[in-house]
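Step one of this worksheet: look at the structure below.
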Amino acid sequence: MTHTPNLNLCTWTLDDEVSLDEINQNFQTLDLVLRFISALNYTGSGTCGSSAAREISFSFAPRLILIFGGGRQCVLLPTNPSGASTGADGIQTLTVQTSGLGKTVCWYGDTAAAQMNEKDVTYMLVSIG
């Protein structure tokens with residue numbers, strides 16, 4: 001048996017004897033590593049501004065949030081009070097706020113497109129803690 005270079009997961013050849021302990025060890029390692037990564041989709045409502053901030057709660061306090069959709073990309077660093085959304089119209093600044101020990105993040109911008117909240121657009125969000 002050998003191990004992967006990054007996570008030290010067990011790998012086997014056809015001649016290796018497979019152990020349930022080794023398989024369980026692999027799953028425990030993956031669970032530990034992946035618990036601070038999440039991905040989700042949401043559909044925009046078409047609203048924008050501080051009274052219509054987009055808010056999402058996580059099981060951990062994310063350090064980086066990436067959002068894609070509607071021909072735009074967005075980067076939020078929840079420990080920073082501003083984020084950036086970019087598209088054909090250039091870079092737009094977003095206001096970012098956190099609550100609940102950093103596990104709830106909300107953001108808003110001047111337009112629904114900049115806020116990553118265009119009506120009926122599906123967005124993909126990836127967060128890393």
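Just remember, in the structure tokens the first chain shown is A, the second B, etc., residues are 1-based per chain, and ligands are 1-based in the order shown.
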As a ChimeraX atom specification, please: all residues of chain A that backbone DSSP puts in strand (DSSP E). /A:2-3,10-11,37-43,54-57,64-69,72-76,82-87,90-99,104-108,122-128
Please provide as a ChimeraX atom specification all residues within 8 Å of Ser57 of chain A, with the sequence filter that same-chain residues fewer than 2 positions apart are discarded (counting only C-alpha atoms). /A:55,59,103-105
Within 6 Å of Leu125 of chain A using only C-alpha atoms, minus same-chain residues under 6 positions, as number ranges by chain: A: 39-40, 66-67
Long-range neighbours of Asp120 of chain A as a PyMOL selection string, 9 Å cut-off, only C-alpha atoms, 5 positions minimum in chain: chain A and resi 43-46
List every residue of chain A that DSSP, applied to the backbone, labels as helix (DSSP H, G or I), and write the result as a list in words.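 Of chain A, the ones in helix (DSSP H, G or I) are Leu20, Asp21, Glu22, Ile23, Asn24, Gln25, Asn26, Phe27, Gln28, Thr29, Leu30, Asp31, Leu32, Val33, Leu34, Ser50, Ser51 and Ala52 of chain A.
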Selection near Cys10 of chain A, 10 Å with only C-alpha atoms, sequence-local residues under 3 positions removed, as a ChimeraX atom specification: /A:1-4,7,18-19,22-23,25-26
